[in-house]
>>> print(open('protein-v3.pdb').read())   # PDB, C-alpha atoms
ATOM      1  CA  MET A   1      -7.326  36.600 -13.882
ATOM      2  CA  GLY A   2      -5.355  33.663 -15.362
ATOM      3  CA  ARG A   3      -5.984  29.986 -14.832
ATOM      4  CA  PRO A   4      -4.301  28.393 -11.789
ATOM      5  CA  TYR A   5      -1.050  26.495 -12.283
ATOM      6  CA  VAL A   6      -0.550  22.903 -11.094
ATOM      7  CA  PHE A   7       2.729  20.990 -10.984
ATOM      8  CA  ILE A   8       2.783  17.178 -10.758
ATOM      9  CA  THR A   9       6.030  15.587  -9.547
ATOM     10  CA  ARG A  10       5.739  12.329 -11.542
ATOM     11  CA  LYS A  11       4.456  11.450 -14.977
ATOM     12  CA  LEU A  12       0.837  10.338 -14.604
ATOM     13  CA  PRO A  13      -1.575   9.081 -17.291
ATOM     14  CA  ASP A  14      -3.174  11.864 -19.330
ATOM     15  CA  ASP A  15      -6.705  10.602 -18.731
ATOM     16  CA  ILE A  16      -6.191  10.791 -14.960
ATOM     17  CA  ILE A  17      -5.131  14.429 -14.972
ATOM     18  CA  ALA A  18      -7.618  15.522 -17.649
ATOM     19  CA  PRO A  19     -10.075  16.900 -15.027
ATOM     20  CA  ILE A  20      -7.303  19.125 -13.606
ATOM     21  CA  LYS A  21      -6.485  20.377 -17.100
ATOM     22  CA  ASP A  22     -10.109  21.420 -17.487
ATOM     23  CA  ILE A  23      -9.640  24.079 -14.799
ATOM     24  CA  ALA A  24      -5.892  24.750 -14.670
ATOM     25  CA  GLU A  25      -2.622  24.889 -16.549
ATOM     26  CA  VAL A  26      -0.706  21.700 -15.747
ATOM     27  CA  ALA A  27       3.001  20.919 -15.908
ATOM     28  CA  MET A  28       4.332  17.474 -15.135
ATOM     29  CA  TRP A  29       7.766  16.027 -14.444
ATOM     30  CA  PRO A  30       8.409  13.856 -17.535
ATOM     31  CA  HIS A  31       9.505  10.700 -15.684
ATOM     32  CA  ASP A  32       7.544   8.184 -13.626
ATOM     33  CA  ASP A  33      10.622   6.392 -12.287
ATOM     34  CA  ILE A  34      13.033   9.274 -11.660
ATOM     35  CA  PRO A  35      12.299  11.719  -8.824
ATOM     36  CA  VAL A  36      11.955  15.385  -9.576
ATOM     37  CA  SER A  37      15.137  17.314  -8.799
ATOM     38  CA  ARG A  38      15.193  19.608  -5.800
ATOM     39  CA  ASP A  39      15.892  22.704  -7.902
ATOM     40  CA  VAL A  40      12.997  21.979 -10.245
ATOM     41  CA  LEU A  41      10.657  21.281  -7.327
ATOM     42  CA  ILE A  42      11.447  24.613  -5.670
ATOM     43  CA  ASN A  43      11.210  26.568  -8.921
ATOM     44  CA  GLU A  44       7.865  24.973  -9.732
ATOM     45  CA  ALA A  45       6.604  25.638  -6.207
ATOM     46  CA  LYS A  46       7.311  29.333  -6.754
ATOM     47  CA  LYS A  47       4.822  29.360  -9.636
ATOM     48  CA  ALA A  48       2.292  26.780  -8.508
ATOM     49  CA  ASP A  49      -1.150  27.111  -7.013
ATOM     50  CA  ALA A  50      -1.122  23.357  -6.365
ATOM     51  CA  LEU A  51       1.362  20.507  -6.137
ATOM     52  CA  LEU A  52       0.533  16.845  -6.670
ATOM     53  CA  THR A  53       3.346  15.019  -4.894
ATOM     54  CA  MET A  54       4.613  11.527  -4.113
ATOM     55  CA  VAL A  55       5.597  10.212  -0.666
ATOM     56  CA  SER A  56       9.236  10.297  -1.791
ATOM     57  CA  ASP A  57       9.146  14.070  -2.391
ATOM     58  CA  VAL A  58      10.433  16.165   0.507
ATOM     59  CA  ILE A  59       8.007  19.044   0.908
ATOM     60  CA  ASP A  60       9.720  20.976   3.681
ATOM     61  CA  GLN A  61       9.555  24.590   4.818
ATOM     62  CA  GLU A  62      11.865  25.737   2.011
ATOM     63  CA  VAL A  63       9.485  24.395  -0.638
ATOM     64  CA  LEU A  64       6.370  25.646   1.120
ATOM     65  CA  LYS A  65       7.785  29.116   1.759
ATOM     66  CA  ALA A  66       8.758  29.370  -1.897
ATOM     67  CA  GLY A  67       5.148  28.719  -2.882
ATOM     68  CA  LYS A  68       3.821  32.242  -2.547
ATOM     69  CA  SER A  69       0.653  31.277  -4.420
ATOM     70  CA  LEU A  70       0.525  27.682  -3.204
ATOM     71  CA  LYS A  71      -2.903  26.644  -1.942
ATOM     72  CA  VAL A  72      -2.726  22.852  -1.726
ATOM     73  CA  VAL A  73      -0.271  19.970  -1.626
ATOM     74  CA  ALA A  74      -2.031  16.726  -2.574
ATOM     75  CA  ASN A  75       0.177  13.802  -1.560
ATOM     76  CA  MET A  76      -0.315  10.463  -3.306
ATOM     77  CA  GLY A  77      -0.169   8.241  -0.240
ATOM     78  CA  VAL A  78      -1.828   7.745   3.098
ATOM     79  CA  GLY A  79       1.374   8.790   4.894
ATOM     80  CA  PHE A  80       2.458  12.423   4.918
ATOM     81  CA  ASP A  81       5.661  12.381   6.968
ATOM     82  CA  ASN A  82       7.421  13.795   3.876
ATOM     83  CA  ILE A  83       5.527  17.069   4.328
ATOM     84  CA  ASP A  84       6.089  19.741   6.970
ATOM     85  CA  VAL A  85       2.412  19.943   7.876
ATOM     86  CA  PRO A  86       2.771  22.654  10.588
ATOM     87  CA  ALA A  87       4.634  24.882   8.101
ATOM     88  CA  ALA A  88       1.954  24.291   5.476
ATOM     89  CA  THR A  89      -0.725  25.285   7.965
ATOM     90  CA  LYS A  90       1.229  28.414   8.882
ATOM     91  CA  TYR A  91       1.352  29.448   5.236
ATOM     92  CA  GLY A  92      -2.329  28.654   4.661
ATOM     93  CA  ILE A  93      -1.666  25.615   2.474
ATOM     94  CA  ALA A  94      -3.988  22.626   2.571
ATOM     95  CA  VAL A  95      -2.310  19.223   2.857
ATOM     96  CA  CYS A  96      -4.239  16.237   1.526
ATOM     97  CA  ASN A  97      -3.502  12.512   1.434
ATOM     98  CA  THR A  98      -5.149   9.429  -0.080
ATOM     99  CA  PRO A  99      -6.426   7.203   2.757
ATOM    100  CA  ASP A 100      -9.117   4.523   2.545
ATOM    101  CA  VAL A 101      -8.689   3.785  -1.184
ATOM    102  CA  LEU A 102      -5.520   1.803  -0.428
ATOM    103  CA  THR A 103      -6.535   0.106   2.824
ATOM    104  CA  ASP A 104      -7.383  -3.355   1.501
ATOM    105  CA  THR A 105      -4.609  -3.375  -1.094
ATOM    106  CA  THR A 106      -1.958  -2.549   1.500
ATOM    107  CA  ALA A 107      -3.409  -5.117   3.895
ATOM    108  CA  ASP A 108      -3.238  -7.754   1.150
ATOM    109  CA  LEU A 109       0.441  -6.974   0.550
ATOM    110  CA  THR A 110       1.219  -6.931   4.272
ATOM    111  CA  PHE A 111      -0.273 -10.364   4.808
ATOM    112  CA  ALA A 112       1.342 -11.668   1.625
ATOM    113  CA  LEU A 113       4.689 -10.458   2.977
ATOM    114  CA  LEU A 114       4.011 -12.257   6.259
ATOM    115  CA  LEU A 115       3.174 -15.481   4.419
ATOM    116  CA  ALA A 116       6.159 -15.184   2.084
ATOM    117  CA  THR A 117       8.532 -14.708   5.016
ATOM    118  CA  ALA A 118       7.021 -17.457   7.145
ATOM    119  CA  ARG A 119       6.938 -20.016   4.322
ATOM    120  CA  ARG A 120      10.243 -18.916   2.706
ATOM    121  CA  ILE A 121       8.501 -18.345  -0.628
ATOM    122  CA  VAL A 122      11.093 -16.030  -2.207
ATOM    123  CA  GLU A 123      13.976 -18.220  -1.076
ATOM    124  CA  ALA A 124      12.231 -21.328  -2.436
ATOM    125  CA  ALA A 125      11.485 -19.703  -5.790
ATOM    126  CA  GLN A 126      15.128 -18.681  -6.151
ATOM    127  CA  PHE A 127      16.250 -22.163  -5.077
ATOM    128  CA  ILE A 128      14.420 -23.816  -7.950
ATOM    129  CA  LYS A 129      15.437 -21.172 -10.504
ATOM    130  CA  GLU A 130      19.082 -21.769  -9.620
ATOM    131  CA  GLY A 131      18.705 -25.490 -10.308
ATOM    132  CA  LYS A 132      19.324 -26.511  -6.690
ATOM    133  CA  TRP A 133      16.277 -28.789  -6.355
ATOM    134  CA  LYS A 134      17.778 -32.262  -6.682
ATOM    135  CA  SER A 135      15.517 -34.355  -4.462
ATOM    136  CA  TRP A 136      12.748 -34.223  -1.877
ATOM    137  CA  SER A 137      13.680 -34.126   1.798
ATOM    138  CA  PRO A 138      11.536 -33.798   4.935
ATOM    139  CA  PHE A 139      12.698 -30.336   5.931
ATOM    140  CA  LEU A 140      13.629 -28.890   2.536
ATOM    141  CA  LEU A 141      13.011 -25.123   2.836
ATOM    142  CA  ALA A 142      10.658 -25.769   5.745
ATOM    143  CA  GLY A 143       9.129 -22.607   7.098
ATOM    144  CA  VAL A 144       6.727 -22.071   9.977
ATOM    145  CA  ASP A 145       2.957 -22.228  10.239
ATOM    146  CA  VAL A 146       0.903 -19.060  10.201
ATOM    147  CA  HIS A 147      -2.475 -20.499  11.152
ATOM    148  CA  HIS A 148      -3.345 -20.581  14.866
ATOM    149  CA  LYS A 149      -0.295 -18.463  15.712
ATOM    150  CA  THR A 150      -0.328 -15.082  17.481
ATOM    151  CA  ILE A 151      -0.062 -11.905  15.426
ATOM    152  CA  GLY A 152       0.827  -8.635  17.140
ATOM    153  CA  ILE A 153      -0.177  -5.531  15.181
ATOM    154  CA  VAL A 154       1.476  -2.255  16.140
ATOM    155  CA  GLY A 155      -0.758   0.477  14.773
ATOM    156  CA  MET A 156      -4.412  -0.553  14.641
ATOM    157  CA  GLY A 157      -5.681   2.015  12.173
ATOM    158  CA  LYS A 158      -7.716   1.123   9.115
ATOM    159  CA  ILE A 159      -4.908  -0.873   7.508
ATOM    160  CA  GLY A 160      -4.107  -2.591  10.796
ATOM    161  CA  GLN A 161      -7.746  -3.554  11.193
ATOM    162  CA  ALA A 162      -7.817  -4.910   7.619
ATOM    163  CA  VAL A 163      -4.717  -7.015   8.358
ATOM    164  CA  ALA A 164      -6.385  -8.286  11.536
ATOM    165  CA  LYS A 165      -9.409  -9.326   9.466
ATOM    166  CA  ARG A 166      -7.132 -11.398   7.230
ATOM    167  CA  ALA A 167      -5.402 -12.872  10.274
ATOM    168  CA  ALA A 168      -8.775 -13.927  11.658
ATOM    169  CA  GLY A 169      -9.279 -15.987   8.498
ATOM    170  CA  PHE A 170      -6.149 -17.931   9.465
ATOM    171  CA  ASP A 171      -7.517 -18.531  12.968
ATOM    172  CA  MET A 172      -4.775 -16.382  14.462
ATOM    173  CA  ASN A 173      -4.832 -14.953  17.962
ATOM    174  CA  ILE A 174      -4.812 -11.165  17.415
ATOM    175  CA  LEU A 175      -2.982  -8.779  19.743
ATOM    176  CA  TYR A 176      -2.572  -5.095  19.028
ATOM    177  CA  HIS A 177      -0.961  -1.982  20.424
ATOM    178  CA  ASN A 178      -2.136   1.489  19.500
ATOM    179  CA  ARG A 179      -2.211   4.995  20.925
ATOM    180  CA  SER A 180      -5.822   4.331  21.842
ATOM    181  CA  ARG A 181      -8.093   1.304  22.065
ATOM    182  CA  ASN A 182      -9.841   0.201  18.862
ATOM    183  CA  ILE A 183     -13.115  -1.055  20.244
ATOM    184  CA  GLU A 184     -14.437  -1.912  16.785
ATOM    185  CA  ALA A 185     -11.503  -4.273  16.150
ATOM    186  CA  GLU A 186     -12.004  -5.858  19.550
ATOM    187  CA  LYS A 187     -15.722  -6.457  19.002
ATOM    188  CA  GLN A 188     -15.647  -7.539  15.367
ATOM    189  CA  LEU A 189     -12.345  -9.426  15.219
ATOM    190  CA  GLY A 190     -11.672 -10.485  18.790
ATOM    191  CA  ALA A 191      -8.475  -8.444  18.902
ATOM    192  CA  THR A 192      -6.905  -7.923  22.321
ATOM    193  CA  TYR A 193      -5.283  -4.657  23.323
ATOM    194  CA  CYS A 194      -1.960  -4.931  25.166
ATOM    195  CA  SER A 195       1.141  -2.918  25.957
ATOM    196  CA  PHE A 196       3.948  -2.678  23.414
ATOM    197  CA  GLN A 197       6.213  -4.712  25.675
ATOM    198  CA  GLU A 198       3.637  -7.475  26.132
ATOM    199  CA  LEU A 199       3.022  -7.637  22.384
ATOM    200  CA  LEU A 200       6.742  -7.998  21.662
ATOM    201  CA  ALA A 201       7.123 -10.799  24.181
ATOM    202  CA  THR A 202       4.021 -12.729  23.092
ATOM    203  CA  ALA A 203       3.553 -12.425  19.327
ATOM    204  CA  ASP A 204       4.849 -14.955  16.801
ATOM    205  CA  PHE A 205       4.496 -12.320  14.070
ATOM    206  CA  VAL A 206       5.079  -8.657  14.938
ATOM    207  CA  VAL A 207       3.559  -6.460  12.237
ATOM    208  CA  CYS A 208       4.448  -2.763  12.173
ATOM    209  CA  LEU A 209       1.779  -0.504  10.680
ATOM    210  CA  THR A 210       2.256   2.585  12.821
ATOM    211  CA  PRO A 211       2.720   5.980  11.152
ATOM    212  CA  LEU A 212       6.113   7.668  11.419
ATOM    213  CA  THR A 213       6.156  10.380  14.080
ATOM    214  CA  ASN A 214       8.762  11.746  16.462
ATOM    215  CA  GLU A 215       7.462   9.245  19.015
ATOM    216  CA  THR A 216       7.592   6.198  16.724
ATOM    217  CA  ARG A 217      10.943   6.860  15.044
ATOM    218  CA  HIS A 218      13.224   3.866  15.819
ATOM    219  CA  MET A 219      10.645   2.395  18.204
ATOM    220  CA  PHE A 220      11.817  -0.986  16.929
ATOM    221  CA  ASN A 221      15.322  -0.766  18.333
ATOM    222  CA  ARG A 222      17.815  -3.159  19.893
ATOM    223  CA  GLU A 223      15.819  -3.375  23.115
ATOM    224  CA  ALA A 224      12.582  -4.114  21.247
ATOM    225  CA  PHE A 225      14.072  -6.949  19.195
ATOM    226  CA  ARG A 226      15.622  -8.491  22.304
ATOM    227  CA  LYS A 227      12.170  -8.701  23.884
ATOM    228  CA  MET A 228      10.764 -10.677  20.937
ATOM    229  CA  LYS A 229      10.723 -14.468  20.736
ATOM    230  CA  GLN A 230      13.675 -16.083  18.992
ATOM    231  CA  SER A 231      11.129 -17.724  16.697
ATOM    232  CA  ALA A 232       9.368 -14.419  15.942
ATOM    233  CA  ILE A 233       9.107 -12.867  12.496
ATOM    234  CA  PHE A 234       9.027  -9.091  12.083
ATOM    235  CA  ILE A 235       7.026  -7.439   9.290
ATOM    236  CA  ASN A 236       7.240  -3.745   8.414
ATOM    237  CA  ALA A 237       4.824  -2.201   5.914
ATOM    238  CA  SER A 238       4.622   1.285   7.424
ATOM    239  CA  ARG A 239       7.728   3.497   7.229
ATOM    240  CA  GLY A 240      11.363   2.448   7.313
ATOM    241  CA  ALA A 241      12.445   4.968   9.920
ATOM    242  CA  VAL A 242      10.242   3.306  12.532
ATOM    243  CA  VAL A 243      12.987   0.659  12.620
ATOM    244  CA  ASP A 244      16.626   0.901  13.669
ATOM    245  CA  GLU A 245      17.956  -1.083  10.714
ATOM    246  CA  GLN A 246      21.318  -1.854  12.306
ATOM    247  CA  ALA A 247      19.552  -3.253  15.349
ATOM    248  CA  LEU A 248      17.307  -5.352  13.093
ATOM    249  CA  TYR A 249      20.303  -6.673  11.171
ATOM    250  CA  ASP A 250      22.093  -7.590  14.385
ATOM    251  CA  ALA A 251      18.981  -9.331  15.750
ATOM    252  CA  LEU A 252      18.618 -11.400  12.581
ATOM    253  CA  VAL A 253      22.306 -12.351  12.411
ATOM    254  CA  SER A 254      22.512 -13.272  16.098
ATOM    255  CA  GLY A 255      19.300 -15.313  16.002
ATOM    256  CA  GLU A 256      17.444 -13.054  18.414
ATOM    257  CA  ILE A 257      14.551 -13.182  15.937
ATOM    258  CA  ALA A 258      13.907 -15.642  13.111
ATOM    259  CA  GLY A 259      13.163 -13.473  10.103
ATOM    260  CA  ALA A 260      11.869 -10.221   8.660
ATOM    261  CA  GLY A 261       9.645  -9.114   5.804
ATOM    262  CA  LEU A 262      10.229  -5.505   4.786
ATOM    263  CA  ASP A 263       8.380  -3.334   2.279
ATOM    264  CA  VAL A 264       9.965  -0.097   3.495
ATOM    265  CA  PHE A 265      13.413   1.176   4.433
ATOM    266  CA  GLU A 266      14.805   4.230   6.173
ATOM    267  CA  HIS A 267      16.435   5.537   3.007
ATOM    268  CA  GLU A 268      14.752   4.620  -0.265
ATOM    269  CA  PRO A 269      15.533   3.291  -2.745
ATOM    270  CA  ILE A 270      18.088   1.065  -1.027
ATOM    271  CA  ASP A 271      21.186  -0.206  -2.762
ATOM    272  CA  ALA A 272      21.680  -3.896  -3.521
ATOM    273  CA  SER A 273      24.609  -3.841  -1.094
ATOM    274  CA  HIS A 274      22.355  -2.975   1.873
ATOM    275  CA  PRO A 275      23.319  -5.359   4.723
ATOM    276  CA  LEU A 276      19.748  -6.589   5.231
ATOM    277  CA  LEU A 277      19.645  -7.824   1.631
ATOM    278  CA  THR A 278      22.527 -10.206   2.297
ATOM    279  CA  LEU A 279      20.401 -12.283   4.687
ATOM    280  CA  LYS A 280      18.386 -15.292   3.544
ATOM    281  CA  ASN A 281      15.854 -14.792   6.320
ATOM    282  CA  VAL A 282      14.837 -11.374   4.956
ATOM    283  CA  VAL A 283      12.170 -10.827   2.304
ATOM    284  CA  ALA A 284      12.606  -7.311   0.894
ATOM    285  CA  LEU A 285      10.180  -5.456  -1.386
ATOM    286  CA  PRO A 286      10.490  -1.997  -3.034
ATOM    287  CA  HIS A 287       7.712  -0.157  -1.146
ATOM    288  CA  ILE A 288       4.825  -1.661  -3.125
ATOM    289  CA  GLY A 289       2.177  -1.779  -0.392
ATOM    290  CA  SER A 290      -0.474  -0.029  -2.495
ATOM    291  CA  ALA A 291       0.947  -0.992  -5.887
ATOM    292  CA  THR A 292      -1.924  -2.411  -7.858
ATOM    293  CA  ARG A 293      -3.167  -0.737 -11.010
ATOM    294  CA  GLU A 294      -6.642  -0.309  -9.560
ATOM    295  CA  THR A 295      -5.518   1.245  -6.283
ATOM    296  CA  ARG A 296      -2.813   3.513  -7.669
ATOM    297  CA  THR A 297      -5.367   4.835 -10.171
ATOM    298  CA  LYS A 298      -7.806   5.555  -7.335
ATOM    299  CA  MET A 299      -5.045   7.357  -5.428
ATOM    300  CA  MET A 300      -4.248   9.546  -8.438
ATOM    301  CA  GLU A 301      -7.929  10.334  -8.927
ATOM    302  CA  LEU A 302      -8.419  11.257  -5.272
ATOM    303  CA  ALA A 303      -5.343  13.512  -5.266
ATOM    304  CA  SER A 304      -6.681  15.194  -8.411
ATOM    305  CA  ARG A 305     -10.114  15.737  -6.866
ATOM    306  CA  ASN A 306      -8.533  17.275  -3.771
ATOM    307  CA  ILE A 307      -6.618  19.759  -5.924
ATOM    308  CA  ILE A 308      -9.702  20.664  -7.951
ATOM    309  CA  ALA A 309     -11.761  21.179  -4.802
ATOM    310  CA  VAL A 310      -9.278  23.575  -3.212
ATOM    311  CA  LEU A 311      -8.720  25.522  -6.425
ATOM    312  CA  GLN A 312     -12.487  25.943  -6.721
ATOM    313  CA  GLY A 313     -12.767  27.201  -3.140
ATOM    314  CA  LYS A 314     -14.282  24.001  -1.769
ATOM    315  CA  GLN A 315     -13.325  21.668   1.065
ATOM    316  CA  PRO A 316     -11.088  18.785  -0.102
ATOM    317  CA  GLU A 317     -12.181  15.204   0.578
ATOM    318  CA  THR A 318      -9.201  14.131   2.670
ATOM    319  CA  LEU A 319      -7.697  17.106   4.477
ATOM    320  CA  VAL A 320      -4.762  16.337   6.784
ATOM    321  CA  ASN A 321      -4.364  19.707   8.529
ATOM    322  CA  LYS A 322      -7.900  20.175   9.806
ATOM    323  CA  GLU A 323      -7.027  23.609  11.166
ATOM    324  CA  TRP A 324      -6.184  24.844   7.657
ATOM    325  CA  ASN A 325      -7.597  28.161   6.613
ATOM    326  CA  SER A 326      -7.198  29.100   2.961
ATOM    327  CA  ARG A 327      -5.293  32.296   2.393
TER     328      ARG A 327
END
>>> encode(input="protein-v3.pdb", output="structure tokens")
Amino acid sequence: MGRPYVFITRKLPDDIIAPIKDIAEVAMWPHDDIPVSRDVLINEAKKADALLTMVSDVIDQEVLKAGKSLKVVANMGVGFDNIDVPAATKYGIAVCNTPDVLTDTTADLTFALLLATARRIVEAAQFIKEGKWKSWSPFLLAGVDVHHKTIGIVGMGKIGQAVAKRAAGFDMNILYHNRSRNIEAEKQLGATYCSFQELLATADFVVCLTPLTNETRHMFNREAFRKMKQSAIFINASRGAVVDEQALYDALVSGEIAGAGLDVFEHEPIDASHPLLTLKNVVALPHIGSATRETRTKMMELASRNIIAVLQGKQPETLVNKEWNSR
């Protein structure tokens, strides 16, 4: 019986994938900045026992059905909305993600995005680079305070709780909305559970960290933005499709809300002509929530360990479809 075959959809460092090579034949897409083509992905799935994928790869029923020998899809990300998990379960394919190792890193970026938007950091840096700083004035690029304000976190999972911990350090009043109460966050951080509508109406900073599901798609729509304070700032570090981007643009242009910090977009990568990028009160980042060298390395290592475990007939560390039964 031959060695199992593993396909990796981005170029990863050789030392990271060395443990997989010890037990399997490995092929890897030769680019780290260009996505694997659909045709190549499907053809590789036909041969593969395992796929190591990125959150930008669409692993739908067509890919999974093609994988006649496919045993595991290890996704490099905490989110897995790019994978048809029910189809994977039907075909006996384990789906794994990389939670926990990126919690603090993503929380750091989320709070940095909040600070940058509130204090107009990106706008100020560009202002000085363009030679526009001619004198001091009382309200030159004046932003708004973060300390002692109210933060409303939508999605109080591990990352949400880590953001709340950072907010507590700024003496912020912490509100949250979640599918269920997070008693730990309430006890340890003084967070207060409230309805989505109450959070929108009360928070100075509305931070979206909810996963993308059928229920959360476009939950931040025209009605939601109209309920927010005119002085409110919206931060999204979860998934772009949770937001109706046209509604957000309209709310920013009309002054219904004051600003937005965005690390994610509905269709990525976005073009420089995207309407939201034309607005000075928007700070936009290229989906870098977990992008530190330390954390991305840990994510790669965890995805690799999950693949090795399944190929060796063991339980993976971070299984998404708990009802999975290996075929």
>>> resolve_selection(input="protein-v3.pdb", expression="the PyMOL selection byres ((chain A and resi 240-244) around 6)", output="MDAnalysis selection string")
chainID A and resid 216:221 239 245:247 264:266
>>> residues_around(input="protein-v3.pdb", residues="Val63 of chain A", least_positions_apart="3", cutoff="7 Å", atoms="only C-alpha atoms", output="list in words")
Ile42, Ala45, Ile59, Asp60, Ala66 and Gly67 of chain A
>>> resolve_selection(input="protein-v3.pdb", expression="the PyMOL selection byres ((chain A and resi 84) around 12)", output="VMD selection string")
chain A and resid 57 to 65 73 75 80 to 83 85 to 91 93 to 95 213 320 to 321
>>> write_last_selection(input="protein-v3.pdb", atoms="C-alpha atoms", output="PDB file, keeping the file's coordinate frame")
ATOM      1  CA  ASP A  57       9.146  14.070  -2.391  1.00  0.00           C
ATOM      2  CA  VAL A  58      10.433  16.165   0.507  1.00  0.00           C
ATOM      3  CA  ILE A  59       8.007  19.044   0.908  1.00  0.00           C
ATOM      4  CA  ASP A  60       9.720  20.976   3.681  1.00  0.00           C
ATOM      5  CA  GLN A  61       9.555  24.590   4.818  1.00  0.00           C
ATOM      6  CA  GLU A  62      11.865  25.737   2.011  1.00  0.00           C
ATOM      7  CA  VAL A  63       9.485  24.395  -0.638  1.00  0.00           C
ATOM      8  CA  LEU A  64       6.370  25.646   1.120  1.00  0.00           C
ATOM      9  CA  LYS A  65       7.785  29.116   1.759  1.00  0.00           C
ATOM     10  CA  VAL A  73      -0.271  19.970  -1.626  1.00  0.00           C
ATOM     11  CA  ASN A  75       0.177  13.802  -1.560  1.00  0.00           C
ATOM     12  CA  PHE A  80       2.458  12.423   4.918  1.00  0.00           C
ATOM     13  CA  ASP A  81       5.661  12.381   6.968  1.00  0.00           C
ATOM     14  CA  ASN A  82       7.421  13.795   3.876  1.00  0.00           C
ATOM     15  CA  ILE A  83       5.527  17.069   4.328  1.00  0.00           C
ATOM     16  CA  VAL A  85       2.412  19.943   7.876  1.00  0.00           C
ATOM     17  CA  PRO A  86       2.771  22.654  10.588  1.00  0.00           C
ATOM     18  CA  ALA A  87       4.634  24.882   8.101  1.00  0.00           C
ATOM     19  CA  ALA A  88       1.954  24.291   5.476  1.00  0.00           C
ATOM     20  CA  THR A  89      -0.725  25.285   7.965  1.00  0.00           C
ATOM     21  CA  LYS A  90       1.229  28.414   8.882  1.00  0.00           C
ATOM     22  CA  TYR A  91       1.352  29.448   5.236  1.00  0.00           C
ATOM     23  CA  ILE A  93      -1.666  25.615   2.474  1.00  0.00           C
ATOM     24  CA  ALA A  94      -3.988  22.626   2.571  1.00  0.00           C
ATOM     25  CA  VAL A  95      -2.310  19.223   2.857  1.00  0.00           C
ATOM     26  CA  THR A 213       6.156  10.380  14.080  1.00  0.00           C
ATOM     27  CA  VAL A 320      -4.762  16.337   6.784  1.00  0.00           C
ATOM     28  CA  ASN A 321      -4.364  19.707   8.529  1.00  0.00           C
TER      29      ASN A 321
END
>>> closest_residue(input="protein-v3.pdb", among="A:Glu323, A:Thr295, A:Ser304, A:Lys187", to="Val6 of chain A", atoms="all atoms listed in the file")
A:Ser304
>>> atom_distance(input="protein-v3.pdb", atom1="atom CA of Lys68 of chain A", atom2="atom CA of Val310 of chain A")
15.7 Å
>>> closest_residue(input="protein-v3.pdb", among="A:Gly152, A:Gly157, A:Gly2, A:Pro275", to="Met228 of chain A", atoms="all atoms listed in the file")
A:Gly152
>>> atom_distance(input="protein-v3.pdb", atom1="atom CA of Leu311 of chain A", atom2="atom CA of Leu70 of chain A")
10.0 Å
>>> closest_residue(input="protein-v3.pdb", among="A:Gln315, A:Asn214, A:Asn173, A:Thr117", to="Thr192 of chain A", atoms="all atoms listed in the file")
A:Asn173
>>> closest_residue(input="protein-v3.pdb", among="A:Asn306, A:Asn325, A:Asn281, A:Thr202", to="Leu141 of chain A", atoms="all atoms listed in the file")
A:Asn281
>>> atom_distance(input="protein-v3.pdb", atom1="atom CA of Ile128 of chain A", atom2="atom CA of Leu140 of chain A")
11.7 Å
>>> closest_residue(input="protein-v3.pdb", among="A:His274, A:Lys229, A:Arg166, A:Arg3", to="His147 of chain A", atoms="all atoms listed in the file")
A:Arg166
>>> residues_around(input="protein-v3.pdb", residues="Ala284 of chain A", least_positions_apart="4", cutoff="9 Å", atoms="all atoms listed in the file", output="JSON, numbers by chain")
{"A": [113, 260, 261, 262, 263, 264, 276, 277]}
>>> resolve_selection(input="protein-v3.pdb", expression="the PyMOL selection byres ((chain A and resi 143) around 10)", output="list in words")
Leu115, Ala116, Thr117, Ala118, Arg119, Arg120, Ile121, Phe139, Leu140, Leu141, Ala142, Val144, Asp145 and Val146 of chain A
>>> axis_aligned_box(input="protein-v3.pdb", around="segment 111-118 of chain A", padding_each_side="8 Å", output="AutoDock Vina command-line options")
--center_x 4.1 --center_y -13.9 --center_z 4.4 --size_x 24.8 --size_y 23.1 --size_z 21.5
>>> residues_near_point(input="protein-v3.pdb", point="(3.9, 1.1, 15.5)", cutoff="7 Å", atoms="all atoms listed in the file", output="MDAnalysis selection string")
chainID A and resid 154:155 208:211 216
>>> residues_around(input="protein-v3.pdb", residues="Lys11 of chain A", least_positions_apart="4", cutoff="8 Å", atoms="only C-alpha atoms", output="list in words")
Met28, Trp29, Pro30, His31 and Asp32 of chain A
